[in-house]
Amino acid sequence: MLQQLRENKSLQGALLILPTMVFMAGLLIIPLALTLVISFGQRGPDGGVIFTFSLDNYIRLIGFQPGCLQPSCFDSLYLQILWRSLTLAFQTTVLVILLAYPLSYFIARAPRKRRTTLLFLVLVPLWTNFVIRVYAWMMILRTQGVINGVLGWFAGLLGLTFTPLEMLYTPGAVLVGMVYEFLPFMILPIYTSLEKIDPSLYEAAADLGANSLRTFLRVTLPLSLPGMVAGTILVFIPVMGMFVVSDLLGGRQVILVGNLIQRQFLDARDPTFGSAASLILMAMTLVVTYFYTRKFGFGEEIVTA
Amino acid sequence: MNAQRRSPLVSSMAFLVYFFLYAPILVLVLYSFNASRTNILFEGFITSVGPLQMQGSTVVQSPCGPLHWFCELSKNREVMNATQNTLTIALTSTIASTIIGTMAALALQRYNFRFKSFSQGALYLPIVIPEIVMGIGILVLFSQVFGFINSAFGLVGNDRLSLGLGTVIVSHIAFSVPFVTLIVQARLHGFDKSYEEAAMDLGANELVTFWRVTLPMLLPGVLSGALLAFTLSLDDFIITFFTNGPGSTTLPIYVYGLLRRIITPQVNALSTVWILVIVVAVFLIQRLQQTED
């Protein structure tokens with residue numbers, strides 16, 4: 001038996017990966033399959049699940065009511081929530097790229113010795129807790145918060161009357177919170193791909209008469225694309241499923257699909273509808289990721305960063 | 001790279017982004033010394049030391065002086081329990097996922113077996129699926145399985161299976177393993193097999209070769225995988241939110257609960273301590289790695 005194991009390389013490999021696959025199957029694949037089964041079920045009287053095969057939850061999600069597919073029954077509430085999540089994830093990703101790029105570029109071009117420190121400074125905010133970072137923004141954006149305090153102080157110096165700005169519990173607050181939460185996840189992969197660029201390429205471009213803008217557009221930007229792709233995956237997907245940031249910074253104003261799902265499992269107690277919403281969310285992210293990576297390739301920087 | 005060609009535009013934009021990253025943290029830390037109990041406005045520091053004195057909701061004097069909220073924090077049993085839970089979960093899941101993930105990396109990089117490409121693909125799933133989808137999937141699974149077992153065996157009261165430390169730890173292992181595997185795999189990728197072949201030629205068996213050659217060379221990769229797993233576990237909110245139960249509250253869950261009720265500067269004091277501990281720990285680890293290099 002032991003001898004057999006020694007000679008059978010294929011069996012050894014399978015045994016080594018077995019625990020990982022047990023976890024992947026038990027806590028990812030089986031749960032997803034069960035989510036799918038439950039999404040076709042119906043809500044039980046006690047918040048439980050009645051296993052049937054009904055498309056009611058999906059019909060509700062696209063805006064109709066079970067048993068009524070007439071335009072008069074159409075309500076775009078859930079479609080709006082899905083659309084809002086998608087556009088917010090898109091806006092966040094674009095803003096994060098715009099903020100991350102100059103910083104990554106700055107770090108990559110800094111003297112080698114200082115790069116570690118500069119990169120370390122990007123990581124420190126990431127190690128404070130996720131929830132704590134949202135809380136910091138609550139303190140900053142509140143009506144009596146830091147921004148209004150500073151603005152009011154300036155207005156006082158100038159002798160102006162100042163009406164505090166309402167910033168917390170707005171879509172803008174949620175966007176700022178999302179950008180803040182996920183910025184480091186873009187800086188790291190872009191930095192990694194920028195750092196890999198051979199400096200002689202810049203010299204070659206300069207020798208051939210390219211100015212710095214042209215060098216950037218034709219050399220730097222294309223070569224940093226893998227980093228941006230990896231960063232986009234690391235930012236877009238979590239934003240799509242986020243509920244904490246929208247909950248704490250958006251209040252009841254900004255409901256994302258993540259909030260919708262969370263409420264079905266806690267307050268509204270309809271796990272079947274929550275399961276359907278969750279699968280739609282997964283389908284949306286997988287479709288976007290699929291087309292995006294097919295166009296740009298899967299960013300290997302995800303791991304190396 | 002040519003350091004002289006840095007444009008002032010890039011430098012000032014970089015500076016602004018650093019400011020954006022750090023301003024909220026500075027606010028958090030500053031407010032942990034706030035004299036105001038309601039913590040809405042910053043009403044200055046607590047300057048005098050002595051028996052506790054309040055004026056409305058403002059602390060005028062405290063036995064701990066400016067560190068009033070840190071003292072309150074240390075007396076808070078809920079925080080201490082949550083800290084203990086957080087560390088238990090992070091340590092256990094890090095050890096388990098590091099071992100399991102390293103095994104998987106070896107399998108994927110060194111062996112051929114059936115379903116190999118399927119296994120590799122499955123590892124990317126937790127990265128491309130939003131955490132909430134995984135979280136509610138696990139919640140649904142546990143509640144169905146536990147419900148079934150509880151009613152099948154007629155378990156009641158404390159014997160009933162329910163969400164708790166166990167379910168959180170298992171879930172944390174599940175989402176950490178892929179990251180450990182991918183990191184160790186990346187390390188194995190650029191790894192010269194001839195050292196192992198040399199060891200075998202010199203008469204070492206597989207076990208000795210693994211222990212004396214493979215593992216020491218893999219160690220930096222394994223350690224950075226473990227560090228990432230630990231960080232992921234400490235920081236996790238979403239999956240813990242759906243898999244925790246009574247008695248397994250972690251610090252992020254505890255803070256989230258507070259944010260929806262009343263906030264005192266205690267939350268800030270907690271954040272300040274958290275930031276300090278993590279920064280010091282990471283700094284020490286970096287130093288250690290640098291001296292090793």
# chains A, B, ... in the order shown; residues from 1 in each chain; ligands from 1

call {"tool": "residues_around", "arguments": {"residues": "stretch 54-65 of chain B", "least_positions_apart": "2", "cutoff": "12 Å", "atoms": "only C-alpha atoms", "output": "PDB file with C-alpha atoms, in the first residue's frame"}}
result
ATOM      1  CA  PHE B  33      -8.548  61.615  22.713  1.00  0.00           C
ATOM      2  CA  ASN B  34     -11.803  63.561  22.460  1.00  0.00           C
ATOM      3  CA  ALA B  35     -13.208  64.919  25.708  1.00  0.00           C
ATOM      4  CA  SER B  36     -16.729  64.732  24.278  1.00  0.00           C
ATOM      5  CA  ARG B  37     -18.576  61.551  25.075  1.00  0.00           C
ATOM      6  CA  THR B  38     -20.949  61.912  22.112  1.00  0.00           C
ATOM      7  CA  ASN B  39     -17.883  62.214  19.857  1.00  0.00           C
ATOM      8  CA  ILE B  40     -19.639  64.411  17.302  1.00  0.00           C
ATOM      9  CA  LEU B  41     -17.518  67.518  17.745  1.00  0.00           C
ATOM     10  CA  PHE B  42     -13.921  67.526  18.852  1.00  0.00           C
ATOM     11  CA  GLU B  43     -14.026  69.334  22.177  1.00  0.00           C
ATOM     12  CA  GLY B  44     -10.368  69.211  23.052  1.00  0.00           C
ATOM     13  CA  PHE B  45      -8.269  66.830  25.124  1.00  0.00           C
ATOM     14  CA  ILE B  46      -8.920  65.710  28.670  1.00  0.00           C
ATOM     15  CA  THR B  47      -6.234  67.656  30.460  1.00  0.00           C
ATOM     16  CA  SER B  48      -6.553  66.952  34.155  1.00  0.00           C
ATOM     17  CA  VAL B  49      -5.909  63.717  35.980  1.00  0.00           C
ATOM     18  CA  GLY B  50      -8.053  62.743  38.926  1.00  0.00           C
ATOM     19  CA  PRO B  51     -11.432  61.231  39.844  1.00  0.00           C
ATOM     20  CA  LEU B  52     -13.869  61.174  36.927  1.00  0.00           C
ATOM     21  CA  LEU B  67      -6.001  58.401  27.803  1.00  0.00           C
ATOM     22  CA  HIS B  68      -9.477  58.153  29.330  1.00  0.00           C
ATOM     23  CA  TRP B  69     -11.037  56.199  26.453  1.00  0.00           C
ATOM     24  CA  PHE B  70      -8.170  53.734  26.338  1.00  0.00           C
ATOM     25  CA  CYS B  71      -8.733  52.948  30.020  1.00  0.00           C
ATOM     26  CA  GLU B  72     -12.465  52.546  29.408  1.00  0.00           C
ATOM     27  CA  LEU B  73     -11.627  50.246  26.525  1.00  0.00           C
ATOM     28  CA  SER B  74      -9.446  48.011  28.665  1.00  0.00           C
ATOM     29  CA  THR B 264     -18.276  56.963  22.006  1.00  0.00           C
ATOM     30  CA  PRO B 265     -14.575  57.715  21.493  1.00  0.00           C
TER      31      PRO B 265
END

call {"tool": "interface_residues", "arguments": {"of": "chain A", "to": "chain B", "cutoff": "7 Å", "atoms": "only C-alpha atoms", "output": "ChimeraX atom specification"}}
result
/A:9-10,13-14,16-17,19-20,23-24,27-28,31-32,34-35,99,102-103,106,109-111,124-125,127-132,136-137,144-145,199,237-238,241,278,282,286,303

call {"tool": "write_last_selection", "arguments": {"atoms": "C-alpha atoms", "output": "PDB file, in the first residue's frame"}}
result
ATOM      1  CA  LYS A   9       2.894  10.169  -8.633  1.00  0.00           C
ATOM      2  CA  SER A  10      -0.631  10.869  -9.776  1.00  0.00           C
ATOM      3  CA  GLY A  13      -0.699  14.762  -6.341  1.00  0.00           C
ATOM      4  CA  ALA A  14      -4.360  13.989  -5.869  1.00  0.00           C
ATOM      5  CA  LEU A  16      -1.950  16.654  -1.733  1.00  0.00           C
ATOM      6  CA  ILE A  17      -4.722  18.667  -3.301  1.00  0.00           C
ATOM      7  CA  PRO A  19      -7.932  18.956   1.466  1.00  0.00           C
ATOM      8  CA  THR A  20      -8.094  22.093  -0.663  1.00  0.00           C
ATOM      9  CA  PHE A  23     -12.843  23.014   1.303  1.00  0.00           C
ATOM     10  CA  MET A  24     -13.598  24.370  -2.157  1.00  0.00           C
ATOM     11  CA  LEU A  27     -17.743  25.784   1.287  1.00  0.00           C
ATOM     12  CA  LEU A  28     -18.029  27.119  -2.214  1.00  0.00           C
ATOM     13  CA  PRO A  31     -23.171  26.211  -1.053  1.00  0.00           C
ATOM     14  CA  LEU A  32     -23.559  27.745  -4.518  1.00  0.00           C
ATOM     15  CA  LEU A  34     -27.734  24.937  -2.636  1.00  0.00           C
ATOM     16  CA  THR A  35     -28.228  28.672  -3.219  1.00  0.00           C
ATOM     17  CA  LEU A  99      -5.956  58.152  -8.242  1.00  0.00           C
ATOM     18  CA  PRO A 102       0.032  58.730 -10.491  1.00  0.00           C
ATOM     19  CA  LEU A 103       0.935  57.325  -7.084  1.00  0.00           C
ATOM     20  CA  PHE A 106       5.632  58.027  -8.493  1.00  0.00           C
ATOM     21  CA  ARG A 109      10.194  55.964 -10.406  1.00  0.00           C
ATOM     22  CA  ALA A 110      11.444  56.733  -6.899  1.00  0.00           C
ATOM     23  CA  PRO A 111      14.985  55.667  -5.985  1.00  0.00           C
ATOM     24  CA  VAL A 124      -0.704  50.874   6.396  1.00  0.00           C
ATOM     25  CA  PRO A 125      -4.267  52.213   5.895  1.00  0.00           C
ATOM     26  CA  TRP A 127      -4.255  47.164   7.846  1.00  0.00           C
ATOM     27  CA  THR A 128      -6.620  49.280   9.858  1.00  0.00           C
ATOM     28  CA  ASN A 129      -9.846  47.432   9.813  1.00  0.00           C
ATOM     29  CA  PHE A 130     -12.281  47.624   6.937  1.00  0.00           C
ATOM     30  CA  VAL A 131     -15.208  48.712   9.133  1.00  0.00           C
ATOM     31  CA  ILE A 132     -13.053  51.205  11.005  1.00  0.00           C
ATOM     32  CA  ALA A 136     -13.529  57.368   9.752  1.00  0.00           C
ATOM     33  CA  TRP A 137     -15.472  58.654   6.758  1.00  0.00           C
ATOM     34  CA  GLN A 144     -21.089  68.288  12.284  1.00  0.00           C
ATOM     35  CA  GLY A 145     -18.080  66.433  10.971  1.00  0.00           C
ATOM     36  CA  PRO A 199      14.345  51.505 -18.053  1.00  0.00           C
ATOM     37  CA  ILE A 237     -15.947  42.601  -7.933  1.00  0.00           C
ATOM     38  CA  PRO A 238     -15.923  43.507  -4.222  1.00  0.00           C
ATOM     39  CA  GLY A 241     -21.205  42.888  -3.707  1.00  0.00           C
ATOM     40  CA  SER A 278     -27.204  36.637  -4.935  1.00  0.00           C
ATOM     41  CA  MET A 282     -22.708  36.461  -9.249  1.00  0.00           C
ATOM     42  CA  LEU A 286     -18.848  36.683 -13.904  1.00  0.00           C
ATOM     43  CA  VAL A 303      -0.938  37.077  -7.172  1.00  0.00           C
TER      44      VAL A 303
END

call {"tool": "residues_around", "arguments": {"residues": "A:Leu2", "least_positions_apart": "3", "cutoff": "12 Å", "atoms": "only C-alpha atoms", "output": "PyMOL selection string"}}
result
chain A and resi 5-8+11-12

call {"tool": "select_by_dssp", "arguments": {"residues": "stretch 2-203 of chain A", "states": "alpha helix (DSSP H)", "output": "PyMOL selection string"}}
result
chain A and resi 2-7+9-24+30-39+56-61+77-109+112-127+130-141+146-157+171-195+199-203
